[in-house]
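For reference, input.tsv (TSV, C-alpha atoms):
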```tsv
chain	number	residue	atom	x	y	z
R	1	MET	CA	-58.29	-2.56	113.43
R	2	GLU	CA	-57.39	-0.34	110.49
R	3	ASN	CA	-54.18	-0.74	108.49
R	4	LYS	CA	-53.02	0.42	105.09
R	5	TYR	CA	-54.53	-2.66	103.41
R	6	THR	CA	-58.05	-2.13	104.77
R	7	PRO	CA	-59.34	0.12	101.94
R	8	ALA	CA	-58.07	-2.33	99.31
R	9	LEU	CA	-59.66	-5.26	101.17
R	10	VAL	CA	-62.97	-3.42	101.44
R	11	LEU	CA	-62.86	-2.65	97.70
R	12	ILE	CA	-62.15	-6.30	96.83
R	13	ILE	CA	-65.00	-7.56	99.06
R	14	LYS	CA	-67.33	-4.97	97.57
R	15	LEU	CA	-66.52	-6.11	94.03
R	16	VAL	CA	-66.67	-9.83	94.88
R	17	LEU	CA	-70.01	-9.54	96.69
R	18	GLY	CA	-71.54	-7.21	94.11
R	19	ILE	CA	-70.43	-9.19	91.07
R	20	THR	CA	-71.41	-12.50	92.72
R	21	PHE	CA	-74.94	-11.27	93.34
R	22	ILE	CA	-75.34	-9.75	89.87
R	23	TYR	CA	-73.98	-12.90	88.22
R	24	ALA	CA	-76.19	-15.15	90.38
R	25	SER	CA	-79.31	-13.26	89.32
R	26	TYR	CA	-78.77	-13.54	85.57
R	27	HIS	CA	-79.87	-17.13	84.81
R	28	LYS	CA	-82.78	-16.86	87.25
R	29	ILE	CA	-84.11	-13.76	85.51
R	30	ALA	CA	-83.65	-15.46	82.13
R	31	ASP	CA	-85.60	-18.58	83.14
R	32	PRO	CA	-87.94	-17.91	86.08
R	33	ALA	CA	-89.93	-21.12	85.46
R	34	ARG	CA	-86.79	-23.21	85.91
R	35	PHE	CA	-85.85	-21.24	89.02
R	36	ALA	CA	-89.34	-21.80	90.42
R	37	LYS	CA	-88.90	-25.55	89.90
R	38	THR	CA	-85.54	-25.36	91.65
R	39	LEU	CA	-87.21	-23.65	94.61
R	40	TYR	CA	-89.89	-26.37	94.60
R	41	GLY	CA	-87.05	-28.92	94.74
R	42	TYR	CA	-85.87	-27.45	98.05
R	43	ALA	CA	-89.12	-28.87	99.53
R	44	ILE	CA	-89.30	-26.02	102.06
R	45	PHE	CA	-91.42	-23.28	100.55
R	46	PRO	CA	-95.24	-23.40	100.57
R	47	GLY	CA	-96.69	-23.69	97.07
R	48	PHE	CA	-98.29	-20.24	97.05
R	49	SER	CA	-94.91	-18.56	97.68
R	50	ILE	CA	-92.76	-20.35	95.08
R	51	ASN	CA	-93.59	-18.23	92.01
R	52	ILE	CA	-93.47	-14.97	93.98
R	53	LEU	CA	-90.01	-15.88	95.28
R	54	ALA	CA	-88.87	-16.96	91.80
R	55	ILE	CA	-89.98	-13.61	90.35
R	56	THR	CA	-88.59	-11.38	93.12
R	57	ILE	CA	-85.39	-12.95	94.54
R	58	PRO	CA	-83.28	-12.53	91.35
R	59	PHE	CA	-84.16	-8.82	91.12
R	60	ILE	CA	-83.42	-8.29	94.83
R	61	GLU	CA	-79.99	-9.88	94.17
R	62	LEU	CA	-79.49	-7.73	91.07
R	63	VAL	CA	-80.48	-4.43	92.69
R	64	ALA	CA	-78.44	-5.15	95.84
R	65	GLY	CA	-75.39	-6.12	93.74
R	66	PHE	CA	-75.53	-3.01	91.55
R	67	SER	CA	-76.28	-0.78	94.51
R	68	LEU	CA	-73.22	-2.08	96.37
R	69	ILE	CA	-70.85	-1.73	93.41
R	70	PHE	CA	-72.01	1.77	92.48
R	71	GLY	CA	-72.12	2.94	96.09
R	72	LEU	CA	-75.80	3.81	96.06
R	73	TYR	CA	-77.16	2.91	99.52
R	74	PRO	CA	-74.16	0.63	100.16
R	75	ARG	CA	-75.03	-0.22	103.79
R	76	PRO	CA	-78.69	-1.02	103.00
R	77	ALA	CA	-77.46	-3.14	100.06
R	78	LEU	CA	-75.11	-5.01	102.39
R	79	LEU	CA	-77.94	-5.45	104.87
R	80	ILE	CA	-80.05	-7.11	102.14
R	81	ILE	CA	-77.12	-9.22	100.92
R	82	ASN	CA	-76.34	-10.41	104.45
R	83	ILE	CA	-79.99	-11.28	105.12
R	84	LEU	CA	-80.17	-13.21	101.82
R	85	LEU	CA	-76.94	-15.07	102.58
R	86	SER	CA	-78.19	-15.94	106.08
R	87	GLY	CA	-81.39	-17.30	104.51
R	88	PHE	CA	-79.44	-19.35	101.95
R	89	ILE	CA	-77.23	-20.80	104.71
R	90	LEU	CA	-80.24	-21.76	106.83
R	91	ILE	CA	-82.07	-23.39	103.91
R	92	ILE	CA	-79.04	-25.28	102.56
R	93	GLY	CA	-78.01	-26.32	106.08
R	94	PHE	CA	-81.52	-27.55	106.90
R	95	ASN	CA	-81.67	-29.66	103.72
R	96	LEU	CA	-78.20	-31.09	104.31
R	97	LEU	CA	-79.14	-31.99	107.89
R	98	ARG	CA	-82.27	-33.84	106.85
R	99	GLY	CA	-80.49	-35.53	103.92
R	100	HIS	CA	-82.65	-33.94	101.24
R	101	ASN	CA	-80.84	-33.84	97.88
R	102	PHE	CA	-81.49	-30.69	95.85
R	103	ASP	CA	-80.20	-28.47	93.08
R	104	CYS	CA	-78.95	-25.18	94.49
R	105	GLY	CA	-79.69	-23.23	91.29
R	106	CYS	CA	-77.30	-20.56	92.55
R	107	PHE	CA	-75.20	-19.85	89.45
R	108	SER	CA	-76.73	-22.28	86.95
R	109	PHE	CA	-79.42	-24.94	86.77
R	110	SER	CA	-78.51	-28.61	86.87
R	111	SER	CA	-79.94	-31.80	88.26
R	112	ASN	CA	-79.43	-32.57	91.96
R	113	SER	CA	-76.00	-31.32	92.97
R	114	GLY	CA	-74.88	-33.94	95.50
R	115	VAL	CA	-73.98	-33.61	99.17
R	116	LEU	CA	-70.33	-32.63	98.68
R	117	SER	CA	-71.19	-29.85	96.28
R	118	ASN	CA	-73.84	-28.56	98.68
R	119	ILE	CA	-71.36	-28.55	101.59
R	120	ASN	CA	-69.00	-26.49	99.39
R	121	LEU	CA	-71.89	-24.19	98.71
R	122	LEU	CA	-72.58	-23.81	102.43
R	123	ILE	CA	-68.92	-22.95	103.10
R	124	ARG	CA	-68.89	-20.45	100.23
R	125	ASP	CA	-72.05	-18.72	101.47
R	126	PHE	CA	-70.65	-18.63	104.99
R	127	LEU	CA	-67.44	-16.95	103.76
R	128	LEU	CA	-69.47	-14.45	101.76
R	129	LEU	CA	-71.57	-13.70	104.85
R	130	VAL	CA	-68.48	-13.13	107.01
R	131	SER	CA	-67.15	-10.78	104.29
R	132	GLY	CA	-70.53	-9.05	104.11
R	133	ILE	CA	-70.67	-8.48	107.87
R	134	TYR	CA	-67.07	-7.20	107.89
R	135	MET	CA	-67.85	-4.83	105.06
R	136	PHE	CA	-71.06	-3.63	106.75
R	137	LYS	CA	-69.00	-2.67	109.81
R	138	LYS	CA	-66.38	-0.94	107.68
R	139	THR	CA	-68.87	1.04	105.58
R	140	THR	CA	-69.81	4.31	107.21
R	141	ALA	CA	-73.45	5.33	107.30
R	142	SER	CA	-73.94	8.37	105.07
G	1	MET	CA	-77.67	-0.43	112.49
G	2	ALA	CA	-79.23	2.98	111.89
G	3	LEU	CA	-82.82	3.71	110.96
G	4	LYS	CA	-81.53	5.18	107.68
G	5	ASP	CA	-80.09	1.73	106.78
G	6	ILE	CA	-83.53	0.18	107.16
G	7	LYS	CA	-85.12	3.01	105.17
G	8	GLY	CA	-82.49	2.54	102.44
G	9	ALA	CA	-83.07	-1.22	102.37
G	10	PHE	CA	-86.80	-0.58	102.07
G	11	ILE	CA	-86.21	1.74	99.08
G	12	LEU	CA	-83.97	-0.86	97.39
G	13	LEU	CA	-86.48	-3.65	98.05
G	14	VAL	CA	-89.41	-1.66	96.68
G	15	SER	CA	-87.37	-0.79	93.56
G	16	ALA	CA	-86.44	-4.46	93.10
G	17	LEU	CA	-90.02	-5.67	93.56
G	18	ILE	CA	-91.50	-3.12	91.13
G	19	THR	CA	-88.84	-3.99	88.51
G	20	ALA	CA	-89.34	-7.72	89.10
G	21	PHE	CA	-93.11	-7.73	88.60
G	22	LEU	CA	-92.96	-5.35	85.63
G	23	TYR	CA	-90.25	-7.42	83.95
G	24	ASN	CA	-92.15	-10.64	84.64
G	25	TYR	CA	-95.34	-9.16	83.17
G	26	PHE	CA	-93.71	-8.08	79.91
G	27	SER	CA	-91.14	-10.88	79.53
G	28	PRO	CA	-91.99	-13.66	77.05
G	29	PHE	CA	-90.67	-16.06	79.70
G	30	GLY	CA	-92.77	-14.60	82.52
G	31	ILE	CA	-94.59	-16.87	84.95
G	32	ALA	CA	-97.92	-16.68	86.76
G	33	ILE	CA	-98.00	-15.12	90.23
G	34	PHE	CA	-99.09	-18.49	91.60
G	35	GLY	CA	-97.91	-21.76	90.11
G	36	ARG	CA	-99.30	-25.25	90.39
G	37	TRP	CA	-97.19	-27.06	92.96
G	38	ASP	CA	-99.50	-29.80	94.22
G	39	GLU	CA	-98.41	-33.11	92.70
G	40	SER	CA	-101.78	-34.72	93.50
G	41	LYS	CA	-103.36	-32.24	91.07
G	42	GLY	CA	-101.11	-33.01	88.12
G	43	VAL	CA	-97.72	-32.10	86.73
G	44	VAL	CA	-96.17	-29.34	88.83
G	45	THR	CA	-95.40	-26.17	86.92
G	46	ALA	CA	-94.73	-22.47	87.40
G	47	ILE	CA	-97.28	-21.85	84.60
G	48	SER	CA	-95.07	-19.81	82.30
G	49	LYS	CA	-96.04	-18.12	79.04
G	50	THR	CA	-94.16	-20.89	77.20
G	51	ASP	CA	-95.50	-23.70	79.39
G	52	PRO	CA	-96.16	-26.98	77.55
G	53	VAL	CA	-98.48	-28.23	80.32
G	54	ASN	CA	-102.08	-28.73	79.26
G	55	THR	CA	-104.08	-29.71	82.32
G	56	SER	CA	-107.13	-30.76	80.31
G	57	ILE	CA	-105.36	-33.86	78.96
G	58	GLU	CA	-103.97	-35.09	82.28
G	59	ILE	CA	-105.02	-38.29	84.04
G	60	TYR	CA	-104.20	-37.85	87.74
G	61	ASP	CA	-105.58	-41.11	89.10
G	62	PRO	CA	-102.97	-43.90	88.92
G	63	GLU	CA	-105.73	-46.51	89.35
G	64	ALA	CA	-107.38	-45.21	86.17
G	65	VAL	CA	-104.04	-45.62	84.41
G	66	ASN	CA	-103.71	-49.13	85.85
G	67	LEU	CA	-107.08	-50.03	84.30
G	68	ILE	CA	-106.02	-48.52	80.96
G	69	VAL	CA	-102.84	-50.63	81.05
G	70	LYS	CA	-104.64	-53.82	82.07
G	71	ASN	CA	-107.36	-53.44	79.44
G	72	LYS	CA	-104.94	-52.16	76.79
G	73	LYS	CA	-107.27	-49.24	76.14
G	74	ARG	CA	-104.53	-46.91	74.94
G	75	ILE	CA	-101.15	-47.10	73.26
G	76	ILE	CA	-98.70	-46.20	76.01
G	77	LEU	CA	-95.64	-44.12	75.17
G	78	ASP	CA	-92.67	-43.74	77.52
G	79	VAL	CA	-90.82	-40.54	76.60
G	80	ARG	CA	-87.90	-40.92	79.04
G	81	PRO	CA	-84.40	-41.66	77.72
G	82	ARG	CA	-84.13	-45.21	76.35
G	83	GLU	CA	-81.61	-46.40	78.96
G	84	VAL	CA	-84.04	-45.37	81.72
G	85	TYR	CA	-86.90	-47.12	79.92
G	86	ASP	CA	-84.79	-50.27	79.73
G	87	GLN	CA	-84.45	-50.34	83.51
G	88	GLY	CA	-88.24	-50.54	83.93
G	89	HIS	CA	-91.40	-49.17	82.40
G	90	LEU	CA	-95.20	-49.53	82.39
G	91	PRO	CA	-96.40	-52.83	80.85
G	92	HIS	CA	-96.77	-52.67	77.04
G	93	ALA	CA	-95.23	-49.17	76.93
G	94	LEU	CA	-93.31	-48.24	73.80
G	95	SER	CA	-90.13	-46.20	74.05
G	96	PHE	CA	-90.21	-42.89	72.20
G	97	PRO	CA	-87.70	-40.63	74.00
G	98	LEU	CA	-88.57	-36.95	73.70
G	99	MET	CA	-84.95	-36.14	72.86
G	100	ASP	CA	-85.20	-38.40	69.77
G	101	PHE	CA	-88.56	-37.02	68.65
G	102	ASP	CA	-87.32	-35.49	65.40
G	103	ASP	CA	-85.54	-38.72	64.43
G	104	ASP	CA	-88.54	-40.85	65.42
G	105	VAL	CA	-91.29	-38.86	63.69
G	106	ALA	CA	-91.43	-41.18	60.67
G	107	ASN	CA	-91.48	-44.18	62.99
G	108	ILE	CA	-94.30	-42.68	65.07
G	109	LEU	CA	-96.36	-41.78	62.02
G	110	GLY	CA	-95.74	-45.22	60.52
G	111	SER	CA	-96.62	-47.25	63.59
G	112	ILE	CA	-99.38	-45.26	65.33
G	113	ASN	CA	-102.65	-44.32	63.68
G	114	ARG	CA	-103.73	-40.68	64.13
G	115	ASN	CA	-107.05	-41.77	65.62
G	116	SER	CA	-105.44	-44.07	68.17
G	117	ALA	CA	-105.98	-43.45	71.86
G	118	ILE	CA	-102.54	-42.62	73.30
G	119	LEU	CA	-101.24	-42.24	76.84
G	120	VAL	CA	-97.88	-40.51	77.38
G	121	TYR	CA	-95.81	-40.48	80.56
G	122	CYS	CA	-92.35	-39.41	81.74
G	123	SER	CA	-90.48	-39.76	85.03
G	124	SER	CA	-92.71	-37.98	87.56
G	125	ALA	CA	-95.10	-35.12	88.26
G	126	GLU	CA	-92.04	-32.82	88.21
G	127	CYS	CA	-91.37	-33.64	84.57
G	128	THR	CA	-93.07	-31.80	81.68
G	129	ASP	CA	-91.59	-33.92	78.89
G	130	SER	CA	-94.83	-35.90	78.54
G	131	HIS	CA	-96.72	-32.65	77.91
G	132	THR	CA	-94.11	-31.46	75.41
G	133	PHE	CA	-94.41	-34.79	73.60
G	134	ALA	CA	-98.22	-34.71	73.70
G	135	GLY	CA	-98.15	-31.18	72.25
G	136	ARG	CA	-95.98	-32.35	69.36
G	137	LEU	CA	-98.33	-35.28	68.71
G	138	LYS	CA	-101.21	-32.81	68.66
G	139	ASN	CA	-99.30	-30.76	66.07
G	140	LEU	CA	-99.04	-33.95	64.01
G	141	ARG	CA	-102.87	-34.11	64.20
G	142	TYR	CA	-103.14	-36.95	66.71
G	143	THR	CA	-106.54	-36.37	68.25
G	144	ASP	CA	-106.73	-38.48	71.40
G	145	VAL	CA	-103.63	-37.97	73.52
G	146	LYS	CA	-103.63	-38.10	77.34
G	147	VAL	CA	-100.83	-37.61	79.87
G	148	PHE	CA	-100.31	-39.70	83.01
G	149	SER	CA	-99.32	-36.85	85.32
G	150	GLY	CA	-97.77	-38.93	88.13
G	151	GLY	CA	-95.40	-40.61	85.69
G	152	PHE	CA	-93.23	-43.64	86.33
G	153	ARG	CA	-92.38	-42.61	89.91
G	154	GLN	CA	-96.03	-42.67	91.01
G	155	TRP	CA	-96.60	-45.95	89.17
G	156	GLN	CA	-93.64	-47.45	91.02
G	157	GLU	CA	-94.76	-46.03	94.38
G	158	LYS	CA	-98.18	-47.62	93.89
G	159	GLY	CA	-96.49	-50.99	93.45
G	160	TYR	CA	-98.06	-51.69	90.08
G	161	LYS	CA	-96.48	-54.16	87.68
G	162	ILE	CA	-93.27	-52.97	86.02
G	163	GLU	CA	-91.95	-54.46	82.82
G	164	LYS	CA	-88.25	-54.61	82.03
G	165	ASN	CA	-86.65	-55.25	78.69
G	166	GLY	CA	-86.32	-58.93	78.01
G	167	GLU	CA	-89.12	-59.92	80.45
```
Do you think you could lay out the structure here as structure tokens?
Amino acid sequence: MENKYTPALVLIIKLVLGITFIYASYHKIADPARFAKTLYGYAIFPGFSINILAITIPFIELVAGFSLIFGLYPRPALLIINILLSGFILIIGFNLLRGHNFDCGCFSFSSNSGVLSNINLLIRDFLLLVSGIYMFKKTTAS
Amino acid sequence: MALKDIKGAFILLVSALITAFLYNYFSPFGIAIFGRWDESKGVVTAISKTDPVNTSIEIYDPEAVNLIVKNKKRIILDVRPREVYDQGHLPHALSFPLMDFDDDVANILGSINRNSAILVYCSSAECTDSHTFAGRLKNLRYTDVKVFSGGFRQWQEKGYKIEKNGE
């Protein structure tokens, strides 16, 4: 349902999602070896895929974030962002369910983050995904 | 979802992948396409251009390390923080935390001969501190330095004797 606040809400979500993804990519691009070790710590990915993911994921986040903010392929960018967020939710949820402690590595690198912090992370990603899906529906295909 | 959305996503993904691999190739912090993530084969690492890991000096077999400890064949250096060392360490190991290396250099040079056989370890196969420390010893012209790749965690898992301060 459209109302007078919808365009402003869409703009806010666009900026929040875009800036979040650009910001999240920065430290991973700066230190791919550390990000690779963080991915290893998730204990999910096969060894052969870890470096490839560490090299590519930050740039996918960066390109999708910029693309969304500057309105270049906004729906495809949202599609990528929503797929990434769904993947993050599945991985974090799986590790929480099996009681595996890990460092998210989302916005900075630290030691293991703790269960509470990872639940917060799951909630945050879920809210971002809901926003991303809403925005995808509101963005017209050009 | 329209076909043009998928086409657009494909274009964005290809752009991201090309940028990612080019950046990784030219970056001084770039990593190999495939890392070393099997703990049974040594310290795990992404193999970056600045990687301290030197596989040729690693000892993977904890039983070989057990024999070294029992026969006192090498001077054993624990490079974890001192408070962690105090909670338990390999028998006869000396504490030289990596973080205190600069302060301890005179102590190291004074107490360990450059021709001594040395074995360095840190917390686990996920930790590269032992390699960083070994590299610094090599720079100080120590000639026979090895790294126990499994570190204290593997030693503990194997149930070998652990020494605590005061015991």
| task | Up to 12 Å from chain R, what residues of chain G turn up? Count all atoms listed in the file and give them as a PyMOL selection string. | result | chain G and resi 1-25+27-39+43-52+125-128
If you take every atom of range 62-75 of chain R that the file lists and fit an axis-aligned box around them with 5 Å extra on each side, what centre and edge lengths come out in Å to one decimal, as AutoDock Vina command-line options?
```
--center_x -75.7 --center_y -2.0 --center_z 97.4 --size_x 19.6 --size_y 21.5 --size_z 22.7
```
| task | Rounded to one decimal place, report the CA of Gly135 in chain G-CA of Gln87 in chain G distance in Å. | result |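 Here the two named atoms are 26.1 Å from each other.
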| task | Using all atoms listed in the file, pick whichever of R:Thr20, R:Asn82, R:Thr38, R:Thr6 has the shortest atom-to-atom distance to Ser131 in chain R. | result |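 Going through R:Thr20, R:Asn82, R:Thr38, R:Thr6 one by one, the smallest distance to Ser131 in chain R is for R:Asn82.
You can rank G:Val105, G:Ile59, G:Ala117, G:Ile75 by their closest distance to Phe148 in chain G using all atoms listed in the file, and at the top of that list sits G:Ile59.
Separating CA of Glu63 in chain G from CA of Val84 in chain G is a distance of 23.0 Å.
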| task | Can you work out which one of R:Val115, R:Val16, R:Met135, R:Ala24 has the shortest atom-to-atom distance to Arg98 in chain R, counting all atoms listed in the file? | result | R:Val115
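Here CA of Lys158 in chain G and CA of Arg74 in chain G stand 20.0 Å from one another.
For the set G:Phe152, G:Tyr160, G:Tyr60, G:Phe96, the residue with the smallest atom-to-atom gap to Leu77 in chain G is G:Phe96, counting all atoms listed in the file.
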| query | Can you list, as a PyMOL selection string, every protein, DNA or RNA residue that comes within 12 Å of range 88-91 of chain R when you count only C-alpha atoms, leaving out same-chain residues fewer than 3 positions away? | reply | chain R and resi 39+41-45+57+81-85+94-98+100+102+104-106+118-130
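Within 6 Å of the point (-95.9, -40.7, 78.2), and counting all atoms listed in the file, the protein, DNA and RNA residues are Leu77, Asp78, Val79, Leu119, Val120, Tyr121, Cys122 and Ser130 of chain G.
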Any chance you could export the current selection's C-alpha atoms as an mmCIF file, in the coordinates of the input?
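New file result-v2.cif:
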```cif
data_model
loop_
_atom_site.group_PDB
_atom_site.id
_atom_site.type_symbol
_atom_site.label_atom_id
_atom_site.label_comp_id
_atom_site.auth_asym_id
_atom_site.auth_seq_id
_atom_site.Cartn_x
_atom_site.Cartn_y
_atom_site.Cartn_z
ATOM 1 C CA LEU G 77 -95.640 -44.120 75.170
ATOM 2 C CA ASP G 78 -92.670 -43.740 77.520
ATOM 3 C CA VAL G 79 -90.820 -40.540 76.600
ATOM 4 C CA LEU G 119 -101.240 -42.240 76.840
ATOM 5 C CA VAL G 120 -97.880 -40.510 77.380
ATOM 6 C CA TYR G 121 -95.810 -40.480 80.560
ATOM 7 C CA CYS G 122 -92.350 -39.410 81.740
ATOM 8 C CA SER G 130 -94.830 -35.900 78.540
#
```
| What lies within 12 Å of Asp104 in chain G using only C-alpha atoms, ignoring chain neighbours under 5 positions off, as a PyMOL selection string? | chain G and resi 79+95-99+109-112+133+136-137
